[in-house]
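See below for target_16.pdb, which holds PDB, C-alpha atoms, pLDDT in the B column.
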```pdb
ATOM      1  CA  MET Q   1      49.300  73.325  66.096  1.00 60.00           C
ATOM      2  CA  SER Q   2      49.206  74.434  69.735  1.00 82.00           C
ATOM      3  CA  LEU Q   3      50.990  75.237  72.948  1.00 89.00           C
ATOM      4  CA  GLN Q   4      51.998  72.306  75.125  1.00 90.00           C
ATOM      5  CA  LEU Q   5      51.300  73.862  78.497  1.00 89.00           C
ATOM      6  CA  PRO Q   6      53.797  72.772  81.158  1.00 91.00           C
ATOM      7  CA  GLN Q   7      52.775  70.945  84.312  1.00 93.00           C
ATOM      8  CA  PRO Q   8      54.314  72.573  87.400  1.00 95.00           C
ATOM      9  CA  PRO Q   9      55.947  70.462  90.105  1.00 94.00           C
ATOM     10  CA  ALA Q  10      53.620  69.837  93.026  1.00 94.00           C
ATOM     11  CA  ALA Q  11      56.222  71.353  95.361  1.00 94.00           C
ATOM     12  CA  ALA Q  12      56.188  74.647  93.429  1.00 96.00           C
ATOM     13  CA  LEU Q  13      52.403  74.862  93.614  1.00 96.00           C
ATOM     14  CA  ARG Q  14      52.466  74.065  97.340  1.00 94.00           C
ATOM     15  CA  ALA Q  15      54.995  76.840  97.923  1.00 93.00           C
ATOM     16  CA  VAL Q  16      52.793  79.425  96.215  1.00 94.00           C
ATOM     17  CA  LEU Q  17      49.597  78.260  97.906  1.00 93.00           C
ATOM     18  CA  GLY Q  18      51.370  78.389 101.251  1.00 91.00           C
ATOM     19  CA  ALA Q  19      52.487  81.972 100.603  1.00 89.00           C
ATOM     20  CA  LEU Q  20      48.982  83.028  99.604  1.00 88.00           C
ATOM     21  CA  ASP Q  21      47.689  81.627 102.882  1.00 85.00           C
ATOM     22  CA  ASP Q  22      50.421  83.384 104.865  1.00 78.00           C
ATOM     23  CA  LEU Q  23      49.506  86.978 105.628  1.00 56.00           C
ATOM     24  CA  ASP Q  24      53.015  87.639 106.918  1.00 56.00           C
ATOM     25  CA  ALA Q  25      54.454  86.590 103.558  1.00 56.00           C
ATOM     26  CA  LEU Q  26      52.127  88.982 101.774  1.00 58.00           C
ATOM     27  CA  SER Q  27      53.039  91.812 104.118  1.00 59.00           C
ATOM     28  CA  ASP Q  28      56.765  91.275 103.583  1.00 58.00           C
ATOM     29  CA  ALA Q  29      56.545  90.860  99.824  1.00 56.00           C
ATOM     30  CA  LEU Q  30      54.272  93.729  98.833  1.00 53.00           C
ATOM     31  CA  PRO Q  31      53.398  97.179 100.230  1.00 47.00           C
ATOM     32  CA  VAL Q  32      50.179  96.718 102.176  1.00 41.00           C
ATOM     33  CA  ARG Q  33      48.521  99.999 101.192  1.00 37.00           C
ATOM     34  CA  SER Q  34      49.209  99.856  97.437  1.00 39.00           C
ATOM     35  CA  SER Q  35      49.183  96.129  96.764  1.00 65.00           C
ATOM     36  CA  ALA Q  36      46.655  94.868  94.262  1.00 64.00           C
ATOM     37  CA  VAL Q  37      46.770  91.591  96.150  1.00 66.00           C
ATOM     38  CA  ARG Q  38      45.595  93.329  99.300  1.00 66.00           C
ATOM     39  CA  ARG Q  39      42.850  95.151  97.407  1.00 67.00           C
ATOM     40  CA  ALA Q  40      41.604  92.020  95.671  1.00 68.00           C
ATOM     41  CA  ILE Q  41      38.119  90.846  96.565  1.00 69.00           C
ATOM     42  CA  GLY Q  42      37.573  87.130  96.851  1.00 71.00           C
ATOM     43  CA  PRO Q  43      39.999  84.207  96.786  1.00 84.00           C
ATOM     44  CA  LEU Q  44      43.373  84.440  95.079  1.00 89.00           C
ATOM     45  CA  THR Q  45      44.337  81.550  92.828  1.00 93.00           C
ATOM     46  CA  PRO Q  46      47.610  80.668  91.036  1.00 95.00           C
ATOM     47  CA  ALA Q  47      47.279  80.139  87.284  1.00 96.00           C
ATOM     48  CA  HIS Q  48      49.320  79.880  84.081  1.00 96.00           C
ATOM     49  CA  PRO Q  49      52.451  78.323  85.611  1.00 97.00           C
ATOM     50  CA  LEU Q  50      55.645  78.743  83.571  1.00 97.00           C
ATOM     51  CA  PRO Q  51      59.186  77.512  84.212  1.00 97.00           C
ATOM     52  CA  VAL Q  52      61.655  80.375  84.595  1.00 97.00           C
ATOM     53  CA  HIS Q  53      65.038  80.105  82.898  1.00 96.00           C
ATOM     54  CA  LEU Q  54      67.989  82.419  83.516  1.00 95.00           C
ATOM     55  CA  LEU Q  55      70.445  83.226  80.729  1.00 91.00           C
ATOM     56  CA  ASP Q  56      73.878  84.678  81.319  1.00 75.00           C
ATOM     57  CA  PRO Q  57      73.666  87.408  78.688  1.00 58.00           C
ATOM     58  CA  MET Q  58      77.257  87.349  77.459  1.00 54.00           C
ATOM     59  CA  ALA Q  59      79.713  84.562  76.782  1.00 49.00           C
ATOM     60  CA  SER Q  60      83.321  85.063  77.799  1.00 44.00           C
ATOM     61  CA  ASP Q  61      84.265  86.076  74.229  1.00 48.00           C
ATOM     62  CA  GLY Q  62      81.541  88.737  74.073  1.00 48.00           C
ATOM     63  CA  ALA Q  63      79.235  86.698  71.886  1.00 52.00           C
ATOM     64  CA  ALA Q  64      75.627  86.035  72.691  1.00 57.00           C
ATOM     65  CA  ALA Q  65      75.098  83.177  75.092  1.00 63.00           C
ATOM     66  CA  PRO Q  66      73.157  80.356  73.390  1.00 81.00           C
ATOM     67  CA  LEU Q  67      69.722  79.416  74.673  1.00 87.00           C
ATOM     68  CA  ALA Q  68      71.052  75.971  75.535  1.00 86.00           C
ATOM     69  CA  ARG Q  69      73.012  77.648  78.324  1.00 87.00           C
ATOM     70  CA  ALA Q  70      69.857  78.935  80.014  1.00 92.00           C
ATOM     71  CA  ARG Q  71      69.214  77.143  83.299  1.00 92.00           C
ATOM     72  CA  ARG Q  72      65.884  76.657  85.002  1.00 94.00           C
ATOM     73  CA  THR Q  73      65.737  78.475  88.332  1.00 95.00           C
ATOM     74  CA  GLY Q  74      62.114  78.007  89.357  1.00 96.00           C
ATOM     75  CA  TRP Q  75      58.520  78.652  88.358  1.00 97.00           C
ATOM     76  CA  ARG Q  76      56.291  81.697  88.024  1.00 97.00           C
ATOM     77  CA  PHE Q  77      52.532  81.619  88.567  1.00 97.00           C
ATOM     78  CA  LEU Q  78      50.143  84.405  87.678  1.00 96.00           C
ATOM     79  CA  ILE Q  79      47.903  85.263  90.626  1.00 93.00           C
ATOM     80  CA  LYS Q  80      44.274  85.832  89.734  1.00 92.00           C
ATOM     81  CA  ALA Q  81      41.432  87.420  91.642  1.00 88.00           C
ATOM     82  CA  GLY Q  82      38.435  86.190  89.725  1.00 87.00           C
ATOM     83  CA  ASP Q  83      39.295  86.731  86.063  1.00 88.00           C
ATOM     84  CA  GLU Q  84      41.810  89.517  86.744  1.00 89.00           C
ATOM     85  CA  VAL Q  85      45.571  88.950  86.978  1.00 91.00           C
ATOM     86  CA  VAL Q  86      46.755  91.017  89.944  1.00 90.00           C
ATOM     87  CA  ALA Q  87      50.311  89.766  90.548  1.00 91.00           C
ATOM     88  CA  ALA Q  88      52.817  87.010  89.935  1.00 93.00           C
ATOM     89  CA  ALA Q  89      54.444  84.612  92.382  1.00 93.00           C
ATOM     90  CA  ASP Q  90      57.902  83.114  91.892  1.00 94.00           C
ATOM     91  CA  THR Q  91      59.427  79.993  93.367  1.00 95.00           C
ATOM     92  CA  LEU Q  92      63.057  78.893  93.472  1.00 95.00           C
ATOM     93  CA  GLU Q  93      64.285  75.374  92.919  1.00 92.00           C
ATOM     94  CA  ARG Q  94      66.532  74.009  95.638  1.00 84.00           C
ATOM     95  CA  VAL Q  95      68.171  70.827  96.807  1.00 73.00           C
ATOM     96  CA  ALA Q  96      65.668  68.686  98.656  1.00 62.00           C
ATOM     97  CA  GLU Q  97      65.813  69.161 102.406  1.00 59.00           C
ATOM     98  CA  GLU Q  98      64.687  66.792 105.160  1.00 57.00           C
ATOM     99  CA  SER Q  99      61.108  67.839 104.436  1.00 59.00           C
ATOM    100  CA  GLY Q 100      61.541  66.599 100.879  1.00 63.00           C
ATOM    101  CA  GLU Q 101      60.478  69.949  99.374  1.00 71.00           C
ATOM    102  CA  THR Q 102      62.370  71.006  96.272  1.00 88.00           C
ATOM    103  CA  HIS Q 103      60.830  74.455  95.768  1.00 92.00           C
ATOM    104  CA  THR Q 104      60.590  77.470  98.020  1.00 92.00           C
ATOM    105  CA  PHE Q 105      58.518  80.617  97.656  1.00 92.00           C
ATOM    106  CA  ALA Q 106      60.662  83.538  96.471  1.00 92.00           C
ATOM    107  CA  HIS Q 107      58.496  86.653  96.082  1.00 89.00           C
ATOM    108  CA  PHE Q 108      55.367  88.266  94.727  1.00 88.00           C
ATOM    109  CA  ALA Q 109      55.632  90.780  91.892  1.00 88.00           C
ATOM    110  CA  GLU Q 110      53.314  93.410  90.536  1.00 87.00           C
ATOM    111  CA  GLY Q 111      54.019  96.053  87.910  1.00 86.00           C
ATOM    112  CA  PRO Q 112      53.695  95.424  84.166  1.00 91.00           C
ATOM    113  CA  TYR Q 113      55.072  91.868  83.983  1.00 92.00           C
ATOM    114  CA  PRO Q 114      52.024  89.832  85.119  1.00 93.00           C
ATOM    115  CA  ALA Q 115      49.614  91.436  82.629  1.00 93.00           C
ATOM    116  CA  SER Q 116      52.295  91.399  79.937  1.00 96.00           C
ATOM    117  CA  THR Q 117      52.895  87.683  80.525  1.00 97.00           C
ATOM    118  CA  LEU Q 118      49.192  86.941  80.080  1.00 96.00           C
ATOM    119  CA  HIS Q 119      49.117  89.025  76.900  1.00 96.00           C
ATOM    120  CA  ALA Q 120      52.166  87.176  75.537  1.00 97.00           C
ATOM    121  CA  LEU Q 121      50.540  83.809  76.275  1.00 96.00           C
ATOM    122  CA  GLN Q 122      47.457  84.883  74.341  1.00 95.00           C
ATOM    123  CA  GLN Q 123      49.677  85.928  71.422  1.00 94.00           C
ATOM    124  CA  ALA Q 124      51.543  82.624  71.613  1.00 94.00           C
ATOM    125  CA  ARG Q 125      48.294  80.664  71.355  1.00 93.00           C
ATOM    126  CA  LEU Q 126      47.318  82.607  68.234  1.00 91.00           C
ATOM    127  CA  HIS Q 127      50.773  82.083  66.704  1.00 87.00           C
ATOM    128  CA  ALA Q 128      50.805  78.365  67.488  1.00 86.00           C
ATOM    129  CA  ALA Q 129      47.288  77.884  66.124  1.00 87.00           C
ATOM    130  CA  GLY Q 130      48.457  79.017  62.712  1.00 81.00           C
ATOM    131  CA  ALA Q 131      51.716  77.055  62.693  1.00 82.00           C
ATOM    132  CA  GLN Q 132      52.638  73.426  62.129  1.00 85.00           C
ATOM    133  CA  THR Q 133      54.752  73.446  65.274  1.00 89.00           C
ATOM    134  CA  THR Q 134      53.875  72.632  68.869  1.00 91.00           C
ATOM    135  CA  TYR Q 135      55.626  74.967  71.307  1.00 93.00           C
ATOM    136  CA  LEU Q 136      56.446  74.654  74.998  1.00 94.00           C
ATOM    137  CA  PRO Q 137      56.140  78.079  76.666  1.00 96.00           C
ATOM    138  CA  ARG Q 138      58.740  79.171  79.184  1.00 97.00           C
ATOM    139  CA  LEU Q 139      59.914  82.447  80.684  1.00 97.00           C
ATOM    140  CA  LEU Q 140      63.436  83.601  79.874  1.00 97.00           C
ATOM    141  CA  SER Q 141      65.144  86.165  82.092  1.00 95.00           C
ATOM    142  CA  VAL Q 142      68.167  87.946  80.597  1.00 92.00           C
ATOM    143  CA  PRO Q 143      69.128  90.300  83.445  1.00 89.00           C
ATOM    144  CA  GLY Q 144      72.197  91.723  81.699  1.00 85.00           C
ATOM    145  CA  HIS Q 145      69.889  93.206  79.065  1.00 87.00           C
ATOM    146  CA  TYR Q 146      66.991  93.964  81.428  1.00 88.00           C
ATOM    147  CA  MET Q 147      64.743  91.657  79.442  1.00 93.00           C
ATOM    148  CA  THR Q 148      62.176  89.054  80.333  1.00 96.00           C
ATOM    149  CA  ALA Q 149      60.496  87.243  77.469  1.00 97.00           C
ATOM    150  CA  LEU Q 150      58.057  84.455  76.835  1.00 98.00           C
ATOM    151  CA  TRP Q 151      60.188  81.730  75.268  1.00 97.00           C
ATOM    152  CA  LEU Q 152      58.434  79.441  72.788  1.00 96.00           C
ATOM    153  CA  HIS Q 153      60.498  76.269  72.478  1.00 94.00           C
ATOM    154  CA  PRO Q 154      59.501  73.957  69.586  1.00 92.00           C
ATOM    155  CA  VAL Q 155      58.895  70.401  70.764  1.00 89.00           C
ATOM    156  CA  LEU Q 156      57.043  68.946  67.768  1.00 82.00           C
ATOM    157  CA  SER Q 157      57.621  70.206  64.237  1.00 79.00           C
ATOM    158  CA  PRO Q 158      57.716  68.674  60.752  1.00 79.00           C
ATOM    159  CA  ALA Q 159      60.781  70.797  59.917  1.00 79.00           C
ATOM    160  CA  PRO Q 160      63.577  72.578  61.834  1.00 84.00           C
ATOM    161  CA  THR Q 161      61.956  75.463  63.662  1.00 88.00           C
ATOM    162  CA  PRO Q 162      63.689  78.256  65.594  1.00 92.00           C
ATOM    163  CA  ASP Q 163      62.928  79.115  69.187  1.00 94.00           C
ATOM    164  CA  LEU Q 164      60.926  82.311  69.504  1.00 95.00           C
ATOM    165  CA  LEU Q 165      61.021  85.078  72.101  1.00 96.00           C
ATOM    166  CA  ILE Q 166      58.139  87.438  72.813  1.00 97.00           C
ATOM    167  CA  PRO Q 167      59.664  90.252  74.929  1.00 97.00           C
ATOM    168  CA  LEU Q 168      57.511  91.444  77.796  1.00 97.00           C
ATOM    169  CA  VAL Q 169      56.878  95.046  78.762  1.00 95.00           C
ATOM    170  CA  PRO Q 170      59.148  96.851  79.466  1.00 92.00           C
ATOM    171  CA  ALA Q 171      61.404  95.626  76.648  1.00 92.00           C
ATOM    172  CA  PRO Q 172      65.016  96.733  76.079  1.00 89.00           C
ATOM    173  CA  LEU Q 173      65.528  99.962  74.145  1.00 86.00           C
ATOM    174  CA  GLY Q 174      64.812  99.387  70.467  1.00 86.00           C
ATOM    175  CA  VAL Q 175      63.154  95.996  70.955  1.00 91.00           C
ATOM    176  CA  THR Q 176      59.448  95.802  70.219  1.00 91.00           C
ATOM    177  CA  ALA Q 177      57.529  94.097  73.005  1.00 94.00           C
ATOM    178  CA  HIS Q 178      54.818  91.564  72.176  1.00 96.00           C
ATOM    179  CA  ILE Q 179      56.269  90.720  68.771  1.00 93.00           C
ATOM    180  CA  PRO Q 180      57.694  87.199  68.200  1.00 93.00           C
ATOM    181  CA  HIS Q 181      61.422  87.343  67.439  1.00 95.00           C
ATOM    182  CA  HIS Q 182      63.747  84.529  66.391  1.00 95.00           C
ATOM    183  CA  ALA Q 183      65.477  83.919  69.706  1.00 94.00           C
ATOM    184  CA  GLU Q 184      69.085  83.494  68.623  1.00 91.00           C
ATOM    185  CA  GLU Q 185      68.870  86.477  66.257  1.00 92.00           C
ATOM    186  CA  LEU Q 186      67.476  88.742  68.974  1.00 93.00           C
ATOM    187  CA  LEU Q 187      70.058  87.612  71.529  1.00 90.00           C
ATOM    188  CA  ALA Q 188      72.867  88.121  69.007  1.00 88.00           C
ATOM    189  CA  LEU Q 189      71.650  91.647  68.261  1.00 86.00           C
ATOM    190  CA  LEU Q 190      71.427  92.472  71.961  1.00 87.00           C
ATOM    191  CA  ALA Q 191      74.973  91.197  72.491  1.00 82.00           C
ATOM    192  CA  LEU Q 192      76.281  93.086  69.452  1.00 80.00           C
ATOM    193  CA  THR Q 193      74.774  96.392  70.567  1.00 71.00           C
ATOM    194  CA  ASN Q 194      75.276  95.790  74.295  1.00 66.00           C
ATOM    195  CA  GLY Q 195      71.524  95.677  74.775  1.00 52.00           C
ATOM    196  CA  ALA Q 196      70.781  99.032  73.179  1.00 52.00           C
ATOM    197  CA  LEU Q 197      69.350  98.462  69.700  1.00 49.00           C
ATOM    198  CA  LEU Q 198      69.064 101.506  67.517  1.00 41.00           C
ATOM    199  CA  THR Q 199      66.230 100.161  65.374  1.00 39.00           C
ATOM    200  CA  SER Q 200      63.354  97.788  65.949  1.00 38.00           C
ATOM    201  CA  THR Q 201      63.967  94.126  65.214  1.00 36.00           C
ATOM    202  CA  ALA Q 202      60.307  93.529  64.426  1.00 35.00           C
TER     203      ALA Q 202
END
```
Reformat the file's structure so that it appears as structure tokens.
Amino acid sequence: MSLQLPQPPAAALRAVLGALDDLDALSDALPVRSSAVRRAIGPLTPAHPLPVHLLDPMASDGAAAPLARARRTGWRFLIKAGDEVVAAADTLERVAEESGETHTFAHFAEGPYPASTLHALQQARLHAAGAQTTYLPRLLSVPGHYMTALWLHPVLSPAPTPDLLIPLVPAPLGVTAHIPHHAEELLALLALTNGALLTSTA
């Protein structure tokens, strides 16, 4: 079937647009001389919004924490200059203040994650096109295992379908990035080996 692309909250989009318009925010978030955002020619636009979920990597008994325990912390937008992805921008969810805003800008990020996220989304579209399942894409952060992955959550399927994780670059030792893994199996293996797999799970 397809990916059911999520619709970001208006407050999250406003927070990112406000940061892009704020030169002070850009100066504080990224090194001025080396930032791809600073080098970009033309307008910068947020694209491909994804909800970010945080998973406590280990349960109290040492077992893998189930995906159901992952909590949404905010949204991540890829920042494009023309057709090129040059960075990512994260927001944090918060309790509504007097202004009524429920999201605040957190930071810009460069490095491998923005391009890797775009690559994973392209892979997810190809996977979903050949499946009978409709998936909702999310980002899953598992800081205890130094892993961020594109999380494909099934929302419409004719049969029980597992959640999938596509680890982003850099992936944990022994985990193959940009390969769909059954989510619970991968998390269980990471917990069992304390995040250091000896062989590929692909």
Pick from Q:Thr148, Q:Asp21, Q:Arg72, Q:Arg14, whichever lies nearest to Pro114 (chain Q) using all atoms listed in the file:
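Checking each of Q:Thr148, Q:Asp21, Q:Arg72, Q:Arg14 against Pro114 (chain Q), counting all atoms listed in the file, the winner is Q:Thr148.
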Is it possible to get the residues within 12 Å of (55.7, 95.8, 81.8) (coordinates as in the file, counting only C-alpha atoms) written as an NGL selection string?
:Q and (87 or 109-120 or 146-149 or 167-172 or 177-178)
| request: Give me the residues within 10 Å of Gln7 (chain Q) as JSON, numbers by chain, counting all atoms listed in the file and dropping any in the same chain fewer than 4 places off. | output: {"Q": [48, 49, 50, 51]}
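You can rank Q:Glu184, Q:Leu92, Q:Ser2, Q:Lys80 by their closest distance to Ala131 (chain Q) using all atoms listed in the file, and at the top of that list sits Q:Ser2.
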* **Among the residues Q:Arg76, Q:Leu67, Q:Pro143, Q:Asp83, the one that comes closest to Leu187 (chain Q) [using all atoms listed in the file]** =>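 Nearest to Leu187 (chain Q): Q:Leu67.
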Of Q:Ile79, Q:Leu55, Q:Leu136, Q:Ala68, the one nearest to Leu20 (chain Q) when counting all atoms listed in the file is Q:Ile79
_Could you list, as a ChimeraX atom specification, every residue matched by the PyMOL selection byres ((chain Q and resi 93) around 6) in this structure?_
/Q:73-74,92,94,102-103
Spatial neighbours of region 124-130 of chain Q, 12 Å, all atoms listed in the file, chain gap at least 2 places, as a PyMOL selection string:
chain Q and resi 1-5+117-122+132-138+149-157+164-167+178-181
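Of note, CA of Ala70 (chain Q) and CA of Pro46 (chain Q) are spaced 24.9 Å apart.
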